[in-house]
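Everything below belongs to coords23.cif, which stores mmCIF, C-alpha atoms and all ligand atoms.
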```cif
data_coords
loop_
_atom_site.group_PDB
_atom_site.id
_atom_site.type_symbol
_atom_site.label_atom_id
_atom_site.label_comp_id
_atom_site.auth_asym_id
_atom_site.auth_seq_id
_atom_site.Cartn_x
_atom_site.Cartn_y
_atom_site.Cartn_z
ATOM 1 C CA MET H 1 -24.016 -35.256 26.996
ATOM 2 C CA ARG H 2 -23.983 -35.761 23.239
ATOM 3 C CA LYS H 3 -24.754 -32.644 21.185
ATOM 4 C CA LYS H 4 -27.530 -33.130 18.663
ATOM 5 C CA LEU H 5 -26.517 -33.093 15.004
ATOM 6 C CA LEU H 6 -28.611 -32.341 11.936
ATOM 7 C CA LEU H 7 -26.846 -33.195 8.674
ATOM 8 C CA GLY H 8 -28.435 -32.526 5.292
ATOM 9 C CA ASN H 9 -27.516 -34.945 2.522
ATOM 10 C CA TRP H 10 -28.171 -33.162 -0.751
ATOM 11 C CA LYS H 11 -27.326 -36.227 -2.881
ATOM 12 C CA MET H 12 -27.099 -35.318 -6.607
ATOM 13 C CA ASN H 13 -29.109 -32.123 -6.190
ATOM 14 C CA LYS H 14 -28.343 -28.417 -6.610
ATOM 15 C CA THR H 15 -26.060 -26.712 -9.061
ATOM 16 C CA ILE H 16 -23.541 -24.155 -7.813
ATOM 17 C CA SER H 17 -25.980 -21.315 -8.506
ATOM 18 C CA GLU H 18 -28.786 -23.119 -6.656
ATOM 19 C CA THR H 19 -26.392 -23.677 -3.784
ATOM 20 C CA LYS H 20 -25.588 -19.955 -3.688
ATOM 21 C CA GLU H 21 -29.304 -19.218 -3.546
ATOM 22 C CA PHE H 22 -29.691 -21.494 -0.492
ATOM 23 C CA LEU H 23 -26.705 -19.854 1.198
ATOM 24 C CA LYS H 24 -28.365 -16.426 1.132
ATOM 25 C CA ASP H 25 -30.283 -17.537 4.232
ATOM 26 C CA ILE H 26 -27.506 -19.422 5.992
ATOM 27 C CA ASP H 27 -27.177 -16.830 8.790
ATOM 28 C CA GLU H 28 -30.738 -17.500 9.896
ATOM 29 C CA LEU H 29 -30.044 -21.231 10.086
ATOM 30 C CA VAL H 30 -26.821 -20.669 12.014
ATOM 31 C CA THR H 31 -28.510 -18.364 14.529
ATOM 32 C CA LEU H 32 -31.335 -20.818 15.093
ATOM 33 C CA ALA H 33 -28.920 -23.738 15.504
ATOM 34 C CA LYS H 34 -26.972 -21.737 18.074
ATOM 35 C CA GLU H 35 -30.164 -20.981 20.010
ATOM 36 C CA LYS H 36 -31.039 -24.669 19.991
ATOM 37 C CA ASP H 37 -27.447 -25.657 20.828
ATOM 38 C CA ILE H 38 -27.205 -28.170 18.008
ATOM 39 C CA ASP H 39 -24.652 -28.842 15.265
ATOM 40 C CA ILE H 40 -25.840 -28.411 11.700
ATOM 41 C CA GLY H 41 -24.237 -29.390 8.435
ATOM 42 C CA ILE H 42 -24.645 -29.936 4.716
ATOM 43 C CA ALA H 43 -23.254 -32.628 2.436
ATOM 44 C CA PRO H 44 -23.497 -31.292 -1.139
ATOM 45 C CA THR H 45 -21.975 -32.727 -4.298
ATOM 46 C CA TYR H 46 -18.187 -32.435 -4.630
ATOM 47 C CA LEU H 47 -18.686 -29.500 -7.010
ATOM 48 C CA CYS H 48 -20.425 -27.368 -4.407
ATOM 49 C CA LEU H 49 -18.186 -28.109 -1.427
ATOM 50 C CA GLU H 50 -15.895 -25.117 -1.953
ATOM 51 C CA THR H 51 -18.779 -22.718 -2.516
ATOM 52 C CA ILE H 52 -20.365 -23.779 0.752
ATOM 53 C CA LYS H 53 -17.149 -23.933 2.752
ATOM 54 C CA ASN H 54 -16.262 -20.380 1.694
ATOM 55 C CA ASN H 55 -19.660 -18.970 2.567
ATOM 56 C CA VAL H 56 -20.592 -20.462 5.908
ATOM 57 C CA PRO H 57 -19.197 -19.869 9.391
ATOM 58 C CA SER H 58 -16.850 -22.559 10.701
ATOM 59 C CA SER H 59 -19.581 -23.826 13.039
ATOM 60 C CA VAL H 60 -21.399 -25.291 10.022
ATOM 61 C CA ILE H 61 -20.229 -28.790 9.132
ATOM 62 C CA VAL H 62 -19.518 -29.260 5.447
ATOM 63 C CA ALA H 63 -19.251 -32.910 4.456
ATOM 64 C CA SER H 64 -18.553 -34.781 1.259
ATOM 65 C CA GLN H 65 -20.901 -37.610 0.326
ATOM 66 C CA ASN H 66 -18.041 -40.029 -0.322
ATOM 67 C CA CYS H 67 -14.253 -40.209 -0.585
ATOM 68 C CA HIS H 68 -11.635 -42.687 -1.778
ATOM 69 C CA TYR H 69 -9.470 -44.722 0.578
ATOM 70 C CA LEU H 70 -6.211 -43.978 -1.267
ATOM 71 C CA ASP H 71 -4.406 -40.657 -1.577
ATOM 72 C CA SER H 72 -4.020 -40.600 -5.371
ATOM 73 C CA GLY H 73 -3.715 -42.860 -8.389
ATOM 74 C CA ALA H 74 -5.483 -44.252 -11.423
ATOM 75 C CA TYR H 75 -9.045 -44.149 -10.071
ATOM 76 C CA THR H 76 -11.073 -42.230 -12.598
ATOM 77 C CA GLY H 77 -13.891 -40.202 -11.107
ATOM 78 C CA GLU H 78 -12.696 -40.525 -7.522
ATOM 79 C CA VAL H 79 -11.692 -37.887 -4.957
ATOM 80 C CA SER H 80 -9.239 -38.454 -2.103
ATOM 81 C CA VAL H 81 -9.354 -37.299 1.499
ATOM 82 C CA LEU H 82 -6.210 -35.210 0.918
ATOM 83 C CA MET H 83 -7.959 -33.342 -1.878
ATOM 84 C CA LEU H 84 -10.959 -32.695 0.343
ATOM 85 C CA LYS H 85 -8.784 -31.542 3.206
ATOM 86 C CA GLU H 86 -7.138 -28.937 1.028
ATOM 87 C CA LEU H 87 -10.594 -27.366 0.697
ATOM 88 C CA GLY H 88 -11.054 -27.575 4.467
ATOM 89 C CA ILE H 89 -13.532 -30.445 4.198
ATOM 90 C CA ASP H 90 -13.027 -32.778 7.126
ATOM 91 C CA TRP H 91 -16.310 -34.668 7.300
ATOM 92 C CA SER H 92 -17.507 -37.370 4.923
ATOM 93 C CA ILE H 93 -20.539 -39.598 4.645
ATOM 94 C CA ILE H 94 -19.474 -43.213 4.144
ATOM 95 C CA GLY H 95 -21.521 -46.215 3.067
ATOM 96 C CA HIS H 96 -24.780 -44.440 2.244
ATOM 97 C CA SER H 97 -27.236 -47.090 1.089
ATOM 98 C CA GLU H 98 -27.473 -45.485 -2.356
ATOM 99 C CA ARG H 99 -23.738 -46.055 -2.730
ATOM 100 C CA ARG H 100 -24.013 -49.556 -1.331
ATOM 101 C CA THR H 101 -26.784 -50.256 -3.879
ATOM 102 C CA TYR H 102 -25.509 -48.501 -7.014
ATOM 103 C CA ASP H 103 -21.738 -48.408 -6.507
ATOM 104 C CA ASN H 104 -20.974 -51.722 -4.870
ATOM 105 C CA GLU H 105 -19.874 -50.049 -1.649
ATOM 106 C CA THR H 106 -19.182 -52.877 0.792
ATOM 107 C CA SER H 107 -18.622 -52.620 4.523
ATOM 108 C CA GLN H 108 -15.013 -53.712 3.865
ATOM 109 C CA LYS H 109 -14.511 -50.781 1.498
ATOM 110 C CA CYS H 110 -16.187 -48.479 4.016
ATOM 111 C CA ASN H 111 -13.707 -49.700 6.626
ATOM 112 C CA LEU H 112 -10.772 -48.579 4.465
ATOM 113 C CA LYS H 113 -12.405 -45.185 3.922
ATOM 114 C CA ILE H 114 -13.136 -44.725 7.620
ATOM 115 C CA LYS H 115 -9.503 -45.529 8.447
ATOM 116 C CA LYS H 116 -8.248 -43.067 5.844
ATOM 117 C CA LEU H 117 -10.500 -40.325 7.217
ATOM 118 C CA LEU H 118 -9.414 -40.941 10.804
ATOM 119 C CA GLU H 119 -5.750 -40.971 9.754
ATOM 120 C CA ASN H 120 -6.370 -37.477 8.429
ATOM 121 C CA ASN H 121 -8.272 -36.229 11.491
ATOM 122 C CA CYS H 122 -11.548 -36.236 9.600
ATOM 123 C CA THR H 123 -14.972 -37.351 10.776
ATOM 124 C CA PRO H 124 -16.688 -40.266 9.040
ATOM 125 C CA VAL H 125 -20.477 -40.462 9.138
ATOM 126 C CA TYR H 126 -20.879 -44.189 8.684
ATOM 127 C CA CYS H 127 -24.303 -45.270 7.359
ATOM 128 C CA VAL H 128 -25.809 -48.647 8.132
ATOM 129 C CA GLY H 129 -29.262 -50.090 7.602
ATOM 130 C CA GLU H 130 -31.280 -52.972 6.254
ATOM 131 C CA THR H 131 -33.342 -53.381 3.076
ATOM 132 C CA LEU H 132 -37.105 -53.895 3.131
ATOM 133 C CA GLU H 133 -36.704 -57.610 2.502
ATOM 134 C CA GLN H 134 -34.236 -57.943 5.369
ATOM 135 C CA PHE H 135 -36.551 -55.912 7.628
ATOM 136 C CA GLU H 136 -39.526 -58.105 6.747
ATOM 137 C CA ASN H 137 -37.469 -61.208 7.480
ATOM 138 C CA ASN H 138 -36.467 -59.875 10.911
ATOM 139 C CA ARG H 139 -32.847 -59.655 9.842
ATOM 140 C CA THR H 140 -32.257 -56.013 10.820
ATOM 141 C CA CYS H 141 -29.963 -56.781 13.780
ATOM 142 C CA ASP H 142 -27.904 -59.345 11.839
ATOM 143 C CA VAL H 143 -27.396 -56.980 8.918
ATOM 144 C CA VAL H 144 -26.571 -53.963 11.061
ATOM 145 C CA LYS H 145 -24.210 -56.041 13.195
ATOM 146 C CA GLU H 146 -22.297 -57.213 10.127
ATOM 147 C CA GLN H 147 -22.068 -53.633 8.843
ATOM 148 C CA ILE H 148 -20.811 -52.323 12.188
ATOM 149 C CA VAL H 149 -18.338 -55.144 12.840
ATOM 150 C CA GLU H 150 -16.865 -55.005 9.305
ATOM 151 C CA GLY H 151 -17.008 -51.225 8.969
ATOM 152 C CA LEU H 152 -15.242 -50.607 12.277
ATOM 153 C CA LYS H 153 -12.770 -53.490 12.034
ATOM 154 C CA ASP H 154 -9.390 -52.565 13.577
ATOM 155 C CA ILE H 155 -10.550 -49.054 14.434
ATOM 156 C CA LYS H 156 -8.754 -48.114 17.645
ATOM 157 C CA LEU H 157 -10.567 -47.451 20.898
ATOM 158 C CA GLU H 158 -9.324 -43.850 20.996
ATOM 159 C CA ASP H 159 -10.813 -43.205 17.543
ATOM 160 C CA LEU H 160 -14.288 -44.552 18.201
ATOM 161 C CA SER H 161 -15.802 -41.315 19.489
ATOM 162 C CA LYS H 162 -14.544 -39.482 16.372
ATOM 163 C CA ILE H 163 -17.009 -41.496 14.282
ATOM 164 C CA VAL H 164 -20.678 -40.641 13.762
ATOM 165 C CA ILE H 165 -22.982 -43.522 12.897
ATOM 166 C CA ALA H 166 -26.226 -43.105 10.965
ATOM 167 C CA TYR H 167 -28.904 -45.776 11.108
ATOM 168 C CA GLU H 168 -30.825 -45.484 7.846
ATOM 169 C CA PRO H 169 -33.245 -48.294 7.004
ATOM 170 C CA VAL H 170 -33.133 -48.515 3.214
ATOM 171 C CA TRP H 171 -36.919 -48.860 3.026
ATOM 172 C CA SER H 172 -37.378 -45.463 4.637
ATOM 173 C CA ILE H 173 -34.966 -43.421 2.529
ATOM 174 C CA GLY H 174 -36.763 -41.100 0.153
ATOM 175 C CA THR H 175 -39.936 -43.170 0.407
ATOM 176 C CA GLY H 176 -41.934 -41.086 2.872
ATOM 177 C CA LYS H 177 -42.190 -44.230 5.024
ATOM 178 C CA ASN H 178 -40.224 -43.182 8.066
ATOM 179 C CA ALA H 179 -39.420 -45.813 10.680
ATOM 180 C CA SER H 180 -41.422 -45.446 13.874
ATOM 181 C CA LYS H 181 -39.553 -43.837 16.736
ATOM 182 C CA GLU H 182 -39.618 -47.199 18.527
ATOM 183 C CA ILE H 183 -37.944 -49.024 15.622
ATOM 184 C CA ALA H 184 -35.377 -46.260 15.208
ATOM 185 C CA GLU H 185 -34.576 -46.157 18.930
ATOM 186 C CA ASN H 186 -34.367 -49.954 19.192
ATOM 187 C CA VAL H 187 -31.843 -50.189 16.382
ATOM 188 C CA CYS H 188 -29.821 -47.175 17.546
ATOM 189 C CA ALA H 189 -29.723 -48.690 21.064
ATOM 190 C CA PHE H 190 -28.680 -52.013 19.512
ATOM 191 C CA ILE H 191 -25.844 -50.247 17.679
ATOM 192 C CA ARG H 192 -24.703 -48.656 20.925
ATOM 193 C CA SER H 193 -24.789 -52.037 22.661
ATOM 194 C CA LEU H 194 -22.594 -53.446 19.873
ATOM 195 C CA LEU H 195 -20.125 -50.615 20.478
ATOM 196 C CA VAL H 196 -20.125 -51.460 24.186
ATOM 197 C CA ASP H 197 -19.301 -55.079 23.326
ATOM 198 C CA LEU H 198 -16.667 -54.184 20.745
ATOM 199 C CA TYR H 199 -15.093 -51.367 22.793
ATOM 200 C CA ASN H 200 -16.422 -50.254 26.171
ATOM 201 C CA LYS H 201 -19.374 -48.424 27.690
ATOM 202 C CA GLU H 202 -17.581 -45.158 28.317
ATOM 203 C CA GLU H 203 -16.463 -44.737 24.694
ATOM 204 C CA ALA H 204 -19.722 -46.113 23.267
ATOM 205 C CA GLU H 205 -21.647 -43.462 25.196
ATOM 206 C CA LYS H 206 -19.675 -40.728 23.412
ATOM 207 C CA VAL H 207 -20.649 -41.825 19.889
ATOM 208 C CA ARG H 208 -23.356 -39.840 18.138
ATOM 209 C CA ILE H 209 -25.870 -42.102 16.421
ATOM 210 C CA LEU H 210 -28.251 -40.467 13.950
ATOM 211 C CA TYR H 211 -31.492 -41.722 12.476
ATOM 212 C CA GLY H 212 -32.147 -41.109 8.780
ATOM 213 C CA GLY H 213 -35.061 -41.980 6.522
ATOM 214 C CA SER H 214 -37.878 -39.623 5.528
ATOM 215 C CA VAL H 215 -37.228 -37.303 8.454
ATOM 216 C CA LYS H 216 -39.409 -34.224 7.990
ATOM 217 C CA PRO H 217 -40.161 -31.128 10.074
ATOM 218 C CA ASN H 218 -43.348 -32.791 11.336
ATOM 219 C CA ASN H 219 -41.683 -35.967 12.628
ATOM 220 C CA ILE H 220 -38.158 -34.966 13.671
ATOM 221 C CA LYS H 221 -39.101 -34.135 17.248
ATOM 222 C CA GLU H 222 -40.257 -37.640 18.134
ATOM 223 C CA TYR H 223 -36.878 -39.121 17.231
ATOM 224 C CA MET H 224 -34.913 -36.491 19.130
ATOM 225 C CA GLN H 225 -36.617 -37.420 22.383
ATOM 226 C CA GLU H 226 -35.268 -40.961 22.213
ATOM 227 C CA LYS H 227 -32.311 -41.860 24.436
ATOM 228 C CA ASP H 228 -29.959 -43.257 21.780
ATOM 229 C CA ILE H 229 -30.828 -40.994 18.839
ATOM 230 C CA ASP H 230 -28.490 -38.020 18.689
ATOM 231 C CA GLY H 231 -29.661 -36.326 15.536
ATOM 232 C CA ALA H 232 -30.776 -36.902 11.985
ATOM 233 C CA LEU H 233 -29.363 -37.421 8.522
ATOM 234 C CA VAL H 234 -31.882 -35.784 6.235
ATOM 235 C CA GLY H 235 -32.194 -35.905 2.454
ATOM 236 C CA GLY H 236 -35.257 -34.334 0.831
ATOM 237 C CA ALA H 237 -36.254 -32.082 3.709
ATOM 238 C CA SER H 238 -32.811 -30.449 3.850
ATOM 239 C CA LEU H 239 -32.980 -29.077 0.326
ATOM 240 C CA LYS H 240 -35.179 -26.045 0.968
ATOM 241 C CA VAL H 241 -34.151 -23.342 3.419
ATOM 242 C CA ASP H 242 -37.621 -23.101 4.980
ATOM 243 C CA SER H 243 -37.811 -26.819 5.540
ATOM 244 C CA TYR H 244 -34.247 -26.951 6.929
ATOM 245 C CA LYS H 245 -35.147 -24.113 9.259
ATOM 246 C CA GLU H 246 -38.238 -25.958 10.442
ATOM 247 C CA LEU H 247 -36.187 -29.082 11.088
ATOM 248 C CA ILE H 248 -33.863 -27.118 13.381
ATOM 249 C CA HIS H 249 -36.790 -25.377 15.015
ATOM 250 C CA ASN H 250 -38.587 -28.642 15.745
ATOM 251 C CA ILE H 251 -35.604 -30.494 17.211
HETATM 252 C C1 LIG Z 1 -30.687 -39.740 3.073
HETATM 253 O O1 LIG Z 1 -30.420 -39.428 1.933
HETATM 254 O O2 LIG Z 1 -29.782 -40.113 3.826
HETATM 255 C C2 LIG Z 1 -32.079 -39.680 3.514
HETATM 256 C C3 LIG Z 1 -32.364 -40.083 4.720
HETATM 257 O O3 LIG Z 1 -32.995 -39.210 2.618
HETATM 258 P P1 LIG Z 1 -34.524 -38.792 2.923
HETATM 259 O O4 LIG Z 1 -34.498 -37.913 4.161
HETATM 260 O O5 LIG Z 1 -34.976 -38.053 1.723
HETATM 261 O O6 LIG Z 1 -35.287 -40.048 3.193
#
```
What would you get if you wrote out this structure as structure tokens?
Amino acid sequence: MRKKLLLGNWKMNKTISETKEFLKDIDELVTLAKEKDIDIGIAPTYLCLETIKNNVPSSVIVASQNCHYLDSGAYTGEVSVLMLKELGIDWSIIGHSERRTYDNETSQKCNLKIKKLLENNCTPVYCVGETLEQFENNRTCDVVKEQIVEGLKDIKLEDLSKIVIAYEPVWSIGTGKNASKEIAENVCAFIRSLLVDLYNKEEAEKVRILYGGSVKPNNIKEYMQEKDIDGALVGGASLKVDSYKELIHNI
């Protein structure tokens, strides 16, 4: 049985003081998550990671939104997994579509980052998903397959279940146009079938696959009832405590 996971991606939002304001109500969120038996987490900017890590119980996942695939060197503006680990940060989002779009993040680069995270006993949340044009041209499966095959290249069987995958159609992120539960389930089931082909059924069944894209308190429940959707990666609706609380409540 895969435990449901709700991960808030704060993107480039919230200063340290705004983060502290949010954290005033963290106990309520933690209690509710415990009642619902789900994992919850937040991925803030690098600057706010330490503030969150030091002010939440260890049950709350704190993730970075990116990392580099090398330990150190002349890479201005980058942060390594070793640096994150020193803060106790052992989860990282990889390959978010905004990074694929604005920062030339390729599946090959994601693969190096995923390997570096696994080497360091960290959990990658690997994002995949098609653009609107690809969706309209019925290319979703081809695109997602390429992203999965390249992103997970040479990842060992014993490491597969340490990875979380997030299916996030680009056309649904921040647009208010969430994918129907049928579309989301079909693609998440397709991803799981790819994992069966690439690895085996037993290990594929252990992998948590999230849906992300305009998930809100009023639509989260429908996704959570689907067989292959194990949680949600949520942007906008994770920014306010009340809305985050409602998301947990409605799972
Ligand atoms: C995201 O940033 O991963 C995301 C899904 O954003 P939103 O929920 O705002 O669409």
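Considering only C-alpha atoms and all ligand atoms, the residue among H:Lys216, H:Lys24, H:Lys145, H:Lys181 positioned nearest to ligand LIG 1 (chain Z) is H:Lys216.
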Would you mind listing the residues within 7 Å of ligand LIG 1 (chain Z), counting all atoms listed in the file, as an MDAnalysis selection string? chainID H and resid 9 11 96 168 172:176 212:215 233:237
Pull out every residue that the PyMOL selection byres (((chain H and resi 114) around 12) and not hetatm) matches in the shown coordinates and put them as a PyMOL selection string. chain H and resi 66-70+81+90-95+107-113+115-127+148+150-156+159-160+162-165
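Restricting the calculation to all atoms listed in the file, the smallest distance between Asp197 (chain H) and any of H:Val149, H:Val241, H:Ile209, H:Ile52 is found for H:Val149.
Evaluated against this file, the PyMOL selection byres (((chain H and resi 2) around 8) and not hetatm) yields Met1, Lys3, Lys4, Lys206, Val207, Arg208 and Asp230 of chain H.
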Write out the residues from the selection above, keeping C-alpha atoms, as a tab-separated table (two decimals), in the coordinates of the input.
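For reference, selection32.tsv as written:
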```
chain	number	residue	atom	x	y	z
H	1	MET	CA	-24.02	-35.26	27.00
H	3	LYS	CA	-24.75	-32.64	21.18
H	4	LYS	CA	-27.53	-33.13	18.66
H	206	LYS	CA	-19.68	-40.73	23.41
H	207	VAL	CA	-20.65	-41.82	19.89
H	208	ARG	CA	-23.36	-39.84	18.14
H	230	ASP	CA	-28.49	-38.02	18.69
```
Using only C-alpha atoms: which of H:Asn138, H:Ser64, H:Pro217, H:Thr106 has the shortest distance to Ala232 (chain H): H:Pro217
Would you kindly translate the PyMOL selection byres (((chain H and resi 204) around 10) and not hetatm) into the concrete residues it picks from this file, as number ranges by chain? H: 157, 160-161, 191-203, 205-208
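Close to (-28.9, -25.4, 23.0), meaning no more than 12 Å away when counting all atoms listed in the file, sit the residues H:Met1, H:Arg2, H:Lys3, H:Lys4, H:Leu5, H:Thr31, H:Leu32, H:Ala33, H:Lys34, H:Glu35, H:Lys36, H:Asp37, H:Ile38, H:Asp39, H:Ile248, H:His249, H:Ile251.
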Residues as selected, C-alpha atoms, written as an mmCIF file, keeping the file's coordinate frame, can you do that?
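The resulting file, selection.cif, is shown below:
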```cif
data_model
loop_
_atom_site.group_PDB
_atom_site.id
_atom_site.type_symbol
_atom_site.label_atom_id
_atom_site.label_comp_id
_atom_site.auth_asym_id
_atom_site.auth_seq_id
_atom_site.Cartn_x
_atom_site.Cartn_y
_atom_site.Cartn_z
ATOM 1 C CA MET H 1 -24.016 -35.256 26.996
ATOM 2 C CA ARG H 2 -23.983 -35.761 23.239
ATOM 3 C CA LYS H 3 -24.754 -32.644 21.185
ATOM 4 C CA LYS H 4 -27.530 -33.130 18.663
ATOM 5 C CA LEU H 5 -26.517 -33.093 15.004
ATOM 6 C CA THR H 31 -28.510 -18.364 14.529
ATOM 7 C CA LEU H 32 -31.335 -20.818 15.093
ATOM 8 C CA ALA H 33 -28.920 -23.738 15.504
ATOM 9 C CA LYS H 34 -26.972 -21.737 18.074
ATOM 10 C CA GLU H 35 -30.164 -20.981 20.010
ATOM 11 C CA LYS H 36 -31.039 -24.669 19.991
ATOM 12 C CA ASP H 37 -27.447 -25.657 20.828
ATOM 13 C CA ILE H 38 -27.205 -28.170 18.008
ATOM 14 C CA ASP H 39 -24.652 -28.842 15.265
ATOM 15 C CA ILE H 248 -33.863 -27.118 13.381
ATOM 16 C CA HIS H 249 -36.790 -25.377 15.015
ATOM 17 C CA ILE H 251 -35.604 -30.494 17.211
#
```
